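Have a look at protein.csv; it's CSV, C-alpha atoms:
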chain,number,residue,atom,x,y,z
A,74,MET,CA,0.0,0.0,0.0
A,75,SER,CA,1.1,3.6,-0.6
A,76,ALA,CA,1.4,6.2,2.1
A,77,ALA,CA,-1.8,7.7,3.6
A,78,PRO,CA,-3.3,10.6,1.6
A,79,SER,CA,-1.6,14.0,2.2
A,80,ALA,CA,-3.3,16.2,4.7
A,81,ALA,CA,-3.0,19.0,2.2
A,82,LEU,CA,-5.6,17.3,-0.1
A,83,PRO,CA,-9.1,18.9,0.3
A,84,LEU,CA,-11.0,15.7,1.3
A,85,HIS,CA,-8.3,14.3,3.7
A,86,GLY,CA,-10.0,12.8,6.8
A,87,LEU,CA,-13.2,11.8,4.9
A,88,PHE,CA,-14.1,8.1,5.1
A,89,VAL,CA,-16.1,6.7,2.2
A,90,LEU,CA,-17.7,3.3,2.3
A,91,GLU,CA,-18.2,1.9,-1.2
A,92,LEU,CA,-21.0,-0.6,-1.5
A,93,ALA,CA,-21.4,0.1,-5.2
A,94,SER,CA,-20.1,-2.0,-8.0
A,95,VAL,CA,-19.3,-1.9,-11.8
A,96,LEU,CA,-18.6,1.7,-13.0
A,97,ALA,CA,-20.8,4.7,-11.9
A,98,GLY,CA,-20.5,4.2,-8.1
A,99,PRO,CA,-16.8,3.1,-8.2
A,100,GLN,CA,-15.9,6.2,-10.3
A,101,VAL,CA,-17.3,8.3,-7.5
A,102,GLY,CA,-15.2,6.4,-5.0
A,103,GLN,CA,-12.0,6.9,-7.0
A,104,PHE,CA,-12.9,10.6,-7.3
A,105,PHE,CA,-13.0,10.9,-3.5
A,106,ALA,CA,-9.8,8.9,-3.2
A,107,GLU,CA,-7.9,11.2,-5.6
A,108,LEU,CA,-8.9,14.2,-3.4
A,109,GLY,CA,-7.6,12.5,-0.2
A,110,ALA,CA,-10.4,10.5,1.2
A,111,GLU,CA,-10.0,7.1,2.7
A,112,VAL,CA,-12.1,4.7,0.5
A,113,LEU,CA,-13.0,1.2,1.6
A,114,LYS,CA,-14.6,-1.0,-1.1
A,115,VAL,CA,-17.0,-3.7,0.3
A,116,GLU,CA,-17.2,-6.6,-2.1
A,117,ALA,CA,-19.2,-9.9,-2.1
A,118,PRO,CA,-17.1,-13.1,-1.9
A,119,ALA,CA,-17.1,-13.3,-5.7
A,120,GLY,CA,-15.8,-9.7,-6.0
A,121,ASP,CA,-16.9,-6.8,-8.2
A,122,VAL,CA,-18.1,-8.4,-11.5
A,123,THR,CA,-15.8,-6.1,-13.4
A,124,ARG,CA,-12.8,-8.0,-12.0
A,125,THR,CA,-13.8,-10.7,-14.6
A,126,TRP,CA,-14.4,-8.3,-17.5
A,127,LYS,CA,-11.2,-8.8,-19.5
A,128,THR,CA,-10.0,-8.3,-23.1
A,129,GLY,CA,-8.1,-11.1,-24.9
A,130,ALA,CA,-4.9,-9.3,-24.2
A,131,GLU,CA,-5.2,-9.6,-20.4
A,132,ASP,CA,-3.9,-12.2,-17.9
A,133,VAL,CA,-6.7,-14.6,-17.3
A,134,ASN,CA,-5.6,-15.2,-13.8
A,135,THR,CA,-5.5,-11.7,-12.5
A,136,ASP,CA,-8.4,-10.3,-10.4
A,137,VAL,CA,-7.5,-6.7,-11.3
A,138,SER,CA,-8.8,-6.4,-14.9
A,139,ALA,CA,-8.2,-3.3,-17.0
A,140,TYR,CA,-11.9,-2.5,-16.6
A,141,PHE,CA,-11.8,-2.8,-12.8
A,142,SER,CA,-8.7,-0.6,-12.7
A,143,CYS,CA,-10.4,2.3,-14.5
A,144,ALA,CA,-12.4,3.1,-11.4
A,145,ASN,CA,-10.7,1.6,-8.3
A,146,TRP,CA,-7.4,3.3,-7.7
A,147,GLY,CA,-6.7,4.5,-4.2
A,148,LYS,CA,-9.0,2.1,-2.4
A,149,GLN,CA,-8.8,-0.8,-0.1
A,150,SER,CA,-11.0,-3.9,-0.5
A,151,VAL,CA,-12.8,-6.0,2.1
A,152,VAL,CA,-14.9,-9.0,1.5
A,153,LEU,CA,-18.3,-9.1,3.4
A,154,ASN,CA,-21.2,-11.4,2.7
A,155,LEU,CA,-24.1,-9.0,3.3
A,156,THR,CA,-26.6,-11.9,3.1
A,157,THR,CA,-25.4,-13.0,6.5
A,158,PRO,CA,-25.9,-11.4,9.9
A,159,ALA,CA,-22.1,-11.3,10.4
A,160,GLY,CA,-21.6,-9.4,7.2
A,161,GLN,CA,-24.4,-7.0,8.0
A,162,ALA,CA,-23.0,-6.4,11.5
A,163,ALA,CA,-19.6,-5.7,10.0
A,164,VAL,CA,-20.9,-3.2,7.5
A,165,HIS,CA,-23.0,-1.5,10.2
A,166,GLN,CA,-19.8,-1.0,12.2
A,167,LEU,CA,-18.1,0.6,9.2
A,168,ALA,CA,-21.1,2.8,8.4
A,169,ALA,CA,-21.3,4.1,11.9
A,170,ARG,CA,-18.1,6.0,11.3
A,171,ALA,CA,-18.4,6.7,7.6
A,172,ASP,CA,-18.9,10.1,6.1
A,173,VAL,CA,-20.2,8.8,2.8
A,174,VAL,CA,-21.8,5.6,1.6
A,175,LEU,CA,-22.0,4.8,-2.1
A,176,ALA,CA,-24.6,2.3,-3.1
A,177,SER,CA,-26.0,1.0,-6.4
A,178,TYR,CA,-28.7,-1.5,-5.5
A,179,LYS,CA,-32.0,-2.1,-7.2
A,180,PRO,CA,-34.9,-0.5,-5.3
A,181,GLY,CA,-35.7,-2.8,-2.3
A,182,ASP,CA,-32.4,-4.7,-2.4
A,183,ALA,CA,-30.6,-2.5,0.1
A,184,GLU,CA,-33.5,-2.9,2.5
A,185,LYS,CA,-33.2,-6.7,2.3
A,186,LEU,CA,-29.5,-6.5,3.1
A,187,ARG,CA,-30.1,-3.9,5.9
A,188,VAL,CA,-27.7,-1.4,4.2
A,189,ASP,CA,-30.4,1.1,3.2
A,190,TYR,CA,-30.2,4.8,4.2
A,191,ALA,CA,-33.0,4.5,6.8
A,192,THR,CA,-31.1,1.7,8.6
A,193,LEU,CA,-27.7,3.2,8.4
A,194,ARG,CA,-28.9,6.7,9.4
A,195,GLN,CA,-30.0,5.3,12.7
A,196,LEU,CA,-26.4,4.4,13.4
A,197,ASN,CA,-25.0,7.7,11.9
A,198,PRO,CA,-27.2,10.7,11.6
A,199,ARG,CA,-24.5,12.7,9.8
A,200,LEU,CA,-24.2,10.1,7.1
A,201,LEU,CA,-24.3,11.1,3.4
A,202,TYR,CA,-25.8,8.2,1.4
A,203,GLY,CA,-25.4,8.3,-2.4
A,204,HIS,CA,-27.7,5.8,-4.1
A,205,ILE,CA,-27.6,5.0,-7.8
A,206,THR,CA,-30.6,3.2,-9.5
A,207,GLY,CA,-31.4,2.5,-13.1
A,208,TYR,CA,-34.8,4.3,-13.2
A,209,GLY,CA,-35.4,5.9,-9.9
A,210,PRO,CA,-36.3,4.6,-6.4
A,211,ALA,CA,-39.9,3.5,-7.4
A,212,VAL,CA,-38.9,1.3,-10.4
A,213,ASN,CA,-37.6,-2.2,-9.5
A,214,ARG,CA,-35.6,-2.6,-12.7
A,215,ALA,CA,-31.9,-3.0,-13.0
A,216,GLY,CA,-30.1,-0.3,-15.0
A,217,TYR,CA,-27.6,-1.2,-17.8
A,218,ASP,CA,-25.7,1.5,-19.6
A,219,ALA,CA,-26.3,0.2,-23.1
A,220,VAL,CA,-30.0,-0.2,-22.5
A,221,LEU,CA,-30.2,3.4,-21.2
A,222,GLN,CA,-28.3,4.7,-24.2
A,223,ALA,CA,-31.0,3.0,-26.3
A,224,GLU,CA,-33.9,4.2,-24.3
A,225,THR,CA,-33.0,7.8,-23.9
A,226,GLY,CA,-32.2,8.7,-27.5
A,227,PHE,CA,-28.4,8.5,-27.5
A,228,MET,CA,-28.1,5.4,-29.7
A,229,TYR,CA,-30.6,6.8,-32.2
A,230,LEU,CA,-28.7,10.1,-32.5
A,231,ASN,CA,-25.3,8.3,-32.7
A,232,ALA,CA,-26.1,6.5,-36.0
A,233,ALA,CA,-23.9,7.3,-38.9
A,234,GLY,CA,-26.7,9.1,-40.6
A,235,PRO,CA,-30.5,9.0,-41.4
A,236,GLY,CA,-31.6,5.4,-41.9
A,237,GLN,CA,-28.4,3.9,-40.5
A,238,ALA,CA,-28.3,1.5,-37.6
A,239,PRO,CA,-28.3,3.1,-34.1
A,240,GLN,CA,-24.9,2.7,-32.3
A,241,LYS,CA,-24.0,2.9,-28.6
A,242,MET,CA,-21.0,5.0,-27.5
A,243,PRO,CA,-17.8,3.1,-27.1
A,244,VAL,CA,-17.6,4.0,-23.4
A,245,ALA,CA,-20.3,3.5,-20.7
A,246,LEU,CA,-21.4,7.1,-21.2
A,247,ILE,CA,-24.6,7.0,-19.1
A,248,ASP,CA,-22.7,5.4,-16.2
A,249,LEU,CA,-20.1,8.2,-16.4
A,250,LEU,CA,-22.7,10.9,-16.6
A,251,THR,CA,-24.5,9.4,-13.6
A,252,ALA,CA,-21.2,9.4,-11.7
A,253,HIS,CA,-20.8,13.1,-12.3
A,254,GLN,CA,-24.4,13.8,-11.1
A,255,LEU,CA,-23.8,11.8,-7.9
A,256,LYS,CA,-20.5,13.7,-7.2
A,257,GLU,CA,-22.4,17.0,-7.6
A,258,GLY,CA,-25.2,15.8,-5.3
A,259,LEU,CA,-22.8,14.5,-2.6
A,260,LEU,CA,-20.6,17.6,-2.7
A,261,THR,CA,-23.8,19.7,-2.3
A,262,ALA,CA,-24.9,17.5,0.7
A,263,LEU,CA,-21.4,17.8,2.2
A,264,TYR,CA,-21.6,21.6,2.0
A,265,ARG,CA,-25.1,21.5,3.6
A,266,ARG,CA,-23.8,19.2,6.4
A,267,GLU,CA,-21.1,21.7,7.2
A,268,LYS,CA,-23.8,24.3,7.8
A,269,THR,CA,-26.4,22.1,9.5
A,270,GLY,CA,-24.6,19.0,10.8
A,271,GLU,CA,-27.3,16.9,9.1
A,272,GLY,CA,-26.7,13.9,6.9
A,273,ALA,CA,-28.7,13.3,3.7
A,274,LEU,CA,-29.9,10.8,1.1
A,275,VAL,CA,-28.8,11.7,-2.4
A,276,GLN,CA,-30.5,9.6,-5.1
A,277,VAL,CA,-29.6,9.6,-8.8
A,278,SER,CA,-30.8,7.4,-11.7
A,279,LEU,CA,-29.1,6.5,-14.9
A,280,ARG,CA,-32.3,7.5,-16.8
A,281,ASP,CA,-32.5,11.0,-15.3
A,282,SER,CA,-28.8,11.5,-15.8
A,283,ALA,CA,-29.1,10.5,-19.4
A,284,LEU,CA,-32.1,12.8,-20.1
A,285,ALA,CA,-30.4,15.7,-18.3
A,286,SER,CA,-27.4,15.3,-20.7
A,287,LEU,CA,-29.4,15.5,-24.0
A,288,ALA,CA,-28.9,19.3,-23.7
A,289,ASN,CA,-29.4,21.0,-27.1
A,290,GLN,CA,-30.9,17.9,-28.7
A,291,ALA,CA,-33.7,17.8,-26.1
A,292,ALA,CA,-34.2,21.5,-26.4
A,293,THR,CA,-34.7,21.1,-30.2
A,294,TRP,CA,-37.6,18.8,-29.6
A,295,LEU,CA,-39.0,20.8,-26.7
A,296,VAL,CA,-38.8,24.1,-28.6
A,297,THR,CA,-39.7,23.0,-32.2
A,298,GLY,CA,-41.6,19.8,-31.7
A,299,GLN,CA,-39.3,18.2,-34.3
A,300,ASP,CA,-37.3,15.1,-33.3
A,301,PRO,CA,-33.5,15.6,-33.9
A,302,GLN,CA,-32.2,13.3,-36.5
A,303,PRO,CA,-28.8,11.4,-36.6
A,304,LEU,CA,-26.2,13.3,-38.6
A,305,GLY,CA,-23.2,11.0,-38.0
A,306,SER,CA,-20.6,13.2,-36.3
A,307,GLY,CA,-22.2,16.4,-37.8
A,308,HIS,CA,-23.9,19.1,-35.8
A,309,PRO,CA,-27.6,19.9,-36.3
A,310,SER,CA,-27.2,23.7,-36.0
A,311,ILE,CA,-23.6,24.4,-36.9
A,312,VAL,CA,-21.7,23.7,-40.2
A,313,PRO,CA,-19.0,22.7,-40.7
A,314,TYR,CA,-18.8,21.1,-37.3
A,315,GLY,CA,-18.0,17.5,-36.6
A,316,THR,CA,-17.5,16.0,-40.0
A,317,VAL,CA,-14.3,14.0,-40.5
A,318,TYR,CA,-12.3,14.7,-43.7
A,319,THR,CA,-9.3,12.8,-45.1
A,320,ALA,CA,-6.5,14.9,-46.5
A,321,GLN,CA,-4.0,14.0,-49.2
A,322,ASP,CA,-1.4,12.8,-46.7
A,323,GLY,CA,-3.9,10.4,-45.0
A,324,VAL,CA,-4.4,12.7,-42.0
A,325,ARG,CA,-8.0,12.5,-40.8
A,326,LEU,CA,-9.2,15.7,-39.3
A,327,LEU,CA,-12.3,17.4,-37.9
A,328,LEU,CA,-13.5,21.0,-38.1
A,329,ALA,CA,-15.5,22.8,-35.4
A,330,VAL,CA,-16.3,26.1,-37.1
A,331,GLY,CA,-18.8,27.9,-35.0
A,332,ALA,CA,-18.5,31.5,-36.1
A,333,ASP,CA,-18.6,33.3,-39.5
A,334,ARG,CA,-15.1,34.8,-38.9
A,335,GLN,CA,-13.7,31.3,-38.4
A,336,PHE,CA,-15.3,30.2,-41.7
A,337,GLN,CA,-13.7,33.1,-43.5
A,338,GLU,CA,-10.3,32.2,-42.1
A,339,LEU,CA,-10.9,28.6,-43.2
A,340,CYS,CA,-11.7,29.6,-46.7
A,341,ALA,CA,-8.6,31.7,-46.8
A,342,VAL,CA,-6.4,28.8,-45.7
A,343,LEU,CA,-8.1,26.5,-48.3
A,344,GLU,CA,-7.5,29.2,-50.9
A,345,ARG,CA,-11.2,29.4,-51.6
A,346,PRO,CA,-12.0,32.9,-50.5
A,347,GLU,CA,-15.1,33.0,-52.8
A,348,TRP,CA,-16.9,30.5,-50.5
A,349,ALA,CA,-16.9,33.1,-47.7
A,350,THR,CA,-18.9,35.5,-49.9
A,351,ASP,CA,-21.2,32.9,-51.5
A,352,ALA,CA,-24.7,33.6,-50.3
A,353,ARG,CA,-25.2,29.9,-49.6
A,354,PHE,CA,-22.2,29.8,-47.2
A,355,ALA,CA,-21.6,33.3,-45.9
A,356,THR,CA,-23.5,32.8,-42.6
A,357,ASN,CA,-24.1,29.8,-40.3
A,358,PRO,CA,-27.8,29.6,-41.0
A,359,ALA,CA,-27.1,29.6,-44.7
A,360,ARG,CA,-24.4,26.9,-44.3
A,361,VAL,CA,-26.9,24.7,-42.3
A,362,ALA,CA,-29.4,25.1,-45.1
A,363,HIS,CA,-26.8,24.2,-47.8
A,364,ARG,CA,-25.0,21.6,-45.7
A,365,ALA,CA,-24.6,19.0,-48.4
A,366,ALA,CA,-23.1,21.4,-51.0
A,367,LEU,CA,-20.6,22.8,-48.6
A,368,GLU,CA,-19.6,19.5,-47.2
A,369,GLN,CA,-18.9,18.2,-50.7
A,370,HIS,CA,-16.7,21.2,-51.5
A,371,LEU,CA,-14.8,20.6,-48.3
A,372,LEU,CA,-14.3,16.9,-48.8
A,373,GLU,CA,-12.9,17.5,-52.3
A,374,ARG,CA,-10.6,20.4,-51.3
A,375,ILE,CA,-9.2,18.9,-48.2
A,376,ALA,CA,-8.5,15.6,-50.0
A,377,ALA,CA,-6.2,17.5,-52.3
A,378,ILE,CA,-3.9,19.2,-49.7
A,379,SER,CA,-1.7,18.2,-46.7
A,380,GLY,CA,-3.7,17.7,-43.6
A,381,ALA,CA,-0.7,18.3,-41.3
A,382,GLU,CA,-0.1,21.7,-42.9
A,383,LEU,CA,-3.8,22.5,-42.9
A,384,LEU,CA,-4.0,21.9,-39.1
A,385,ARG,CA,-0.9,23.9,-38.4
A,386,GLU,CA,-2.3,26.9,-40.4
A,387,LEU,CA,-5.7,26.7,-38.8
A,388,GLU,CA,-4.2,26.7,-35.3
A,389,LYS,CA,-2.3,29.9,-36.2
A,390,ARG,CA,-5.6,31.5,-37.2
A,391,ALA,CA,-7.6,30.2,-34.2
A,392,VAL,CA,-9.9,28.1,-36.3
A,393,PRO,CA,-11.0,25.1,-34.2
A,394,ALA,CA,-9.8,21.8,-35.8
A,395,GLY,CA,-8.0,18.7,-34.8
A,396,ALA,CA,-6.6,15.4,-36.0
A,397,VAL,CA,-8.6,12.2,-35.3
A,398,ARG,CA,-6.4,10.1,-32.9
A,399,THR,CA,-6.5,6.7,-31.4
A,400,VAL,CA,-6.8,6.3,-27.7
A,401,GLY,CA,-3.2,5.3,-27.5
A,402,GLU,CA,-2.1,8.4,-29.5
A,403,ALA,CA,-4.2,10.7,-27.3
A,404,LEU,CA,-2.7,9.2,-24.1
A,405,GLY,CA,0.8,9.3,-25.5
A,406,LEU,CA,0.8,13.0,-25.9
A,407,GLU,CA,3.0,15.0,-23.5
A,408,SER,CA,-0.1,17.1,-22.7
A,409,ALA,CA,-1.9,14.0,-21.4
A,410,GLN,CA,0.7,12.9,-18.9
A,411,ARG,CA,-0.7,15.0,-16.0
A,412,MET,CA,-3.9,12.9,-16.3
A,413,LEU,CA,-2.0,9.6,-15.7
A,414,LEU,CA,-1.5,7.9,-12.3
A,415,PRO,CA,1.9,6.4,-11.9
A,416,ALA,CA,2.3,2.6,-12.0
A,417,THR,CA,3.1,0.8,-8.8
A,418,ALA,CA,5.0,-2.3,-7.8
A,419,GLU,CA,1.6,-4.1,-7.2
A,420,PHE,CA,0.1,-2.9,-10.5
A,421,PRO,CA,2.8,-2.1,-13.1
A,422,HIS,CA,0.5,-0.1,-15.4
A,423,ALA,CA,-0.4,3.6,-15.4
A,424,GLY,CA,-3.9,4.6,-14.4
A,425,LEU,CA,-6.2,7.4,-15.5
A,426,ARG,CA,-7.3,10.1,-13.1
A,427,THR,CA,-11.0,10.8,-12.7
A,428,VAL,CA,-10.3,14.4,-11.4
A,429,ALA,CA,-9.6,16.7,-14.3
A,430,PHE,CA,-9.9,20.0,-12.4
A,431,GLN,CA,-7.0,21.6,-10.4
A,432,SER,CA,-6.5,24.5,-8.1
A,433,PRO,CA,-3.4,26.3,-6.6
A,434,ALA,CA,-5.1,26.0,-3.3
A,435,TRP,CA,-4.3,22.2,-3.0
A,436,PRO,CA,-1.9,19.8,-4.7
A,437,VAL,CA,-2.7,17.2,-7.3
A,438,ALA,CA,-2.3,13.8,-5.6
A,439,PRO,CA,1.1,12.6,-6.9
A,440,ALA,CA,0.2,8.9,-6.7
A,441,LEU,CA,-2.5,6.5,-5.4
A,442,SER,CA,-2.3,3.0,-4.2
A,443,ALA,CA,-3.0,0.4,-7.0
A,444,PRO,CA,-6.4,-1.0,-7.6
A,445,PRO,CA,-6.8,-3.5,-4.8
A,446,HIS,CA,-6.8,-7.3,-5.1
A,447,LEU,CA,-10.0,-8.8,-3.7
A,448,GLY,CA,-10.1,-8.4,0.1
A,449,MET,CA,-6.8,-6.6,0.4
A,450,ALA,CA,-7.5,-4.2,3.2
A,451,GLU,CA,-5.0,-3.3,5.9
Take the structure from the file and write it as structure tokens.
Amino acid sequence: MSAAPSAALPLHGLFVLELASVLAGPQVGQFFAELGAEVLKVEAPAGDVTRTWKTGAEDVNTDVSAYFSCANWGKQSVVLNLTTPAGQAAVHQLAARADVVLASYKPGDAEKLRVDYATLRQLNPRLLYGHITGYGPAVNRAGYDAVLQAETGFMYLNAAGPGQAPQKMPVALIDLLTAHQLKEGLLTALYRREKTGEGALVQVSLRDSALASLANQAATWLVTGQDPQPLGSGHPSIVPYGTVYTAQDGVRLLLAVGADRQFQELCAVLERPEWATDARFATNPARVAHRAALEQHLLERIAAISGAELLRELEKRAVPAGAVRTVGEALGLESAQRMLLPATAEFPHAGLRTVAFQSPAWPVAPALSAPPHLGMAE
């Protein structure tokens, strides 16, 4: 195990009891750990199911899979069978001194195991209890990220284009959005507790988190009554924005031109100044109306020039654009290194931080203990 969290970190001294599994709840647990909290992960005898979710490139014998490692740095693990009186008594002892409990049970299951908020609050009135469900506390249905992506419009909108098959995102997007909602709720409750001394139940569902994140796509339907349609990576109200182009040198790149000035600069770089004054393209509403014609011009022109040189020139002129990179390419950049957790002797692989914000008021945690093996608590 690594040294205890630095007292300089803002959440040092906070004790978090993690009863949650898979991704959303454990992401919140690692968030607290990165900010200095002590996080104890309670696992059933079989362990968090993500310990078994392995790609073909991983060691079949390890109980720390790549998937498990993405949300469990900085924690300790203890095995408790919560279906037994002994397991329940042990978790009650832990909850009595916890600041935060993280749970992700289907409605009714926490009550059966005697780890629900009402039960634990009797032991610890200052307890903050964060509970994730799939569809809210009144719906006894398990929540799965891919299903929620389908049910809330994300998969439909993520199709390659009209009439194309819906596609889910390549990460568990709804789980991650839910984790952010729970962090916000718990930090709000923590602030309230500082003023009142009172604990709180904070509930969040995958469904509500997904709907809250539809943002401008939801507003389009609410304002116009028209259902947003899939546009591939294109944007419904900005052009050119999101389309991927392939340049002569094989570089794939994306433009995010949100202002007319930026479009004028783009036309200058492409040596097509006449496009900037063409009535079909001079303003963003006109470009949206004549999307197909403009996109065809851009596809043909960019295919005839160097993508690397185009990106360099666009950056000089403050025109938003970027190369399409693989995950490995993105994480290999020097600018990405501050987001990586250093490998340890126990786990000789880097990890990814969940905390992307920083402040001069406190340090960035230089290192965390490795994702724990099952039951490895001091």
### Task
Select, from A:Ser310, A:Ser286, A:Gln222, A:Gln321, the residue with the minimum atom-to-atom distance to Arg360 in chain A, counting all atoms listed in the file.
A:Ser310
### Message
Just want the 10 Å neighbourhood of Asp189 in chain A, counted on all atoms listed in the file, with same-chain residues fewer than 2 positions away dropped. Output as a PyMOL selection string.
### Response
chain A and resi 174+176+178+180-187+191-194+202+204+274
### Query
Quick one: of A:Ala139, A:Ala144, A:Met242, A:Gly109, who's nearest to Met228 in chain A, counting only C-alpha atoms?
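Closest residue, counting only C-alpha atoms: A:Met242.
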### Task
May I ask which of the residues A:Thr319, A:Asn357, A:Gln240, A:Gln290 is the closest one to Gln337 in chain A, counting only C-alpha atoms?
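The shortest atom-to-atom distance to Gln337 in chain A comes from A:Asn357.
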### Summary
Counting only C-alpha atoms, the residue among A:Ala93, A:Val152, A:Arg390, A:Gly102 that lies closest to Met449 in chain A is A:Val152
### Message
So the first atom is CA of Thr157 in chain A and the second is CA of Lys179 in chain A; what is the distance between them in Å, to one decimal place?
### Response
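CA of Thr157 in chain A sits 18.7 Å away from CA of Lys179 in chain A.
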### Task
Find the residues around range 80-83 of chain A up to 12 Å (only C-alpha atoms counted), leave out those fewer than 6 positions away in its own chain, and share them as a PyMOL selection string.
chain A and resi 104-111+260+431-439
### Query
Hey, can you check how far CA of Glu373 in chain A sits from CA of Cys340 in chain A?
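Between CA of Glu373 in chain A and CA of Cys340 in chain A the gap is 13.4 Å.
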#### Entry: Length of the CA of Ala285 in chain A to CA of Arg265 in chain A vector [Å]
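Separating CA of Ala285 in chain A from CA of Arg265 in chain A is a distance of 23.3 Å.
Each of A:Asp248, A:Glu388, A:Glu224, A:Asp218 was checked against Ala329 in chain A using only C-alpha atoms; the smallest atom-to-atom distance is that of A:Glu388.
Close to (-23.0, 11.6, 5.5), meaning no more than 8 Å away when counting only C-alpha atoms, sit the residues Ala171, Asp172, Val173, Val174, Asn197, Pro198, Arg199, Leu200, Leu201, Tyr202, Ala262, Leu263, Arg266, Glu271, Gly272 and Ala273 of chain A.
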Write the selection just made, keeping C-alpha atoms, as an mmCIF file, in the frame of the given file?
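That gives us again19.cif:
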data_model
loop_
_atom_site.group_PDB
_atom_site.id
_atom_site.type_symbol
_atom_site.label_atom_id
_atom_site.label_comp_id
_atom_site.auth_asym_id
_atom_site.auth_seq_id
_atom_site.Cartn_x
_atom_site.Cartn_y
_atom_site.Cartn_z
ATOM 1 C CA ALA A 171 -18.400 6.700 7.600
ATOM 2 C CA ASP A 172 -18.900 10.100 6.100
ATOM 3 C CA VAL A 173 -20.200 8.800 2.800
ATOM 4 C CA VAL A 174 -21.800 5.600 1.600
ATOM 5 C CA ASN A 197 -25.000 7.700 11.900
ATOM 6 C CA PRO A 198 -27.200 10.700 11.600
ATOM 7 C CA ARG A 199 -24.500 12.700 9.800
ATOM 8 C CA LEU A 200 -24.200 10.100 7.100
ATOM 9 C CA LEU A 201 -24.300 11.100 3.400
ATOM 10 C CA TYR A 202 -25.800 8.200 1.400
ATOM 11 C CA ALA A 262 -24.900 17.500 0.700
ATOM 12 C CA LEU A 263 -21.400 17.800 2.200
ATOM 13 C CA ARG A 266 -23.800 19.200 6.400
ATOM 14 C CA GLU A 271 -27.300 16.900 9.100
ATOM 15 C CA GLY A 272 -26.700 13.900 6.900
ATOM 16 C CA ALA A 273 -28.700 13.300 3.700
#
### Selection as a PyMOL selection string: residues within 12 Å of (-28.2, 26.5, -27.9), counting all atoms listed in the file
chain A and resi 287-293+296+308-311+331
### Which of A:Met412, A:Arg364, A:Val101, A:Gln195 sits closest to Leu259 in chain A [using all atoms listed in the file]
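Going through A:Met412, A:Arg364, A:Val101, A:Gln195 one by one, the smallest distance to Leu259 in chain A is for A:Val101.
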### Message
So that I can check the surroundings of Asp281 in chain A, please list as a count of residues only every protein, DNA and RNA residue that reaches within 8 Å of it, counting all atoms listed in the file and ignoring chain neighbours fewer than 3 positions away.
### Response
6
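All residues of protein, DNA or RNA that reach within 9 Å of Asp333 in chain A, judged by only C-alpha atoms and not counting those fewer than 2 positions away in the chain, are Val330, Gly331, Gln335, Phe336, Gln337, Glu338, Ala349, Ala355, Thr356 and Asn357 of chain A.
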Save the residues we just selected, C-alpha atoms, as an mmCIF file, keeping the file's coordinate frame?
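What ended up in result.cif:
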data_model
loop_
_atom_site.group_PDB
_atom_site.id
_atom_site.type_symbol
_atom_site.label_atom_id
_atom_site.label_comp_id
_atom_site.auth_asym_id
_atom_site.auth_seq_id
_atom_site.Cartn_x
_atom_site.Cartn_y
_atom_site.Cartn_z
ATOM 1 C CA VAL A 330 -16.300 26.100 -37.100
ATOM 2 C CA GLY A 331 -18.800 27.900 -35.000
ATOM 3 C CA GLN A 335 -13.700 31.300 -38.400
ATOM 4 C CA PHE A 336 -15.300 30.200 -41.700
ATOM 5 C CA GLN A 337 -13.700 33.100 -43.500
ATOM 6 C CA GLU A 338 -10.300 32.200 -42.100
ATOM 7 C CA ALA A 349 -16.900 33.100 -47.700
ATOM 8 C CA ALA A 355 -21.600 33.300 -45.900
ATOM 9 C CA THR A 356 -23.500 32.800 -42.600
ATOM 10 C CA ASN A 357 -24.100 29.800 -40.300
#
### Message
Just want the 6 Å neighbourhood of Pro303 in chain A, counted on only C-alpha atoms, with same-chain residues fewer than 2 positions away dropped. Output as a VMD selection string.
### Response
chain A and resid 230 232 234 to 235 305
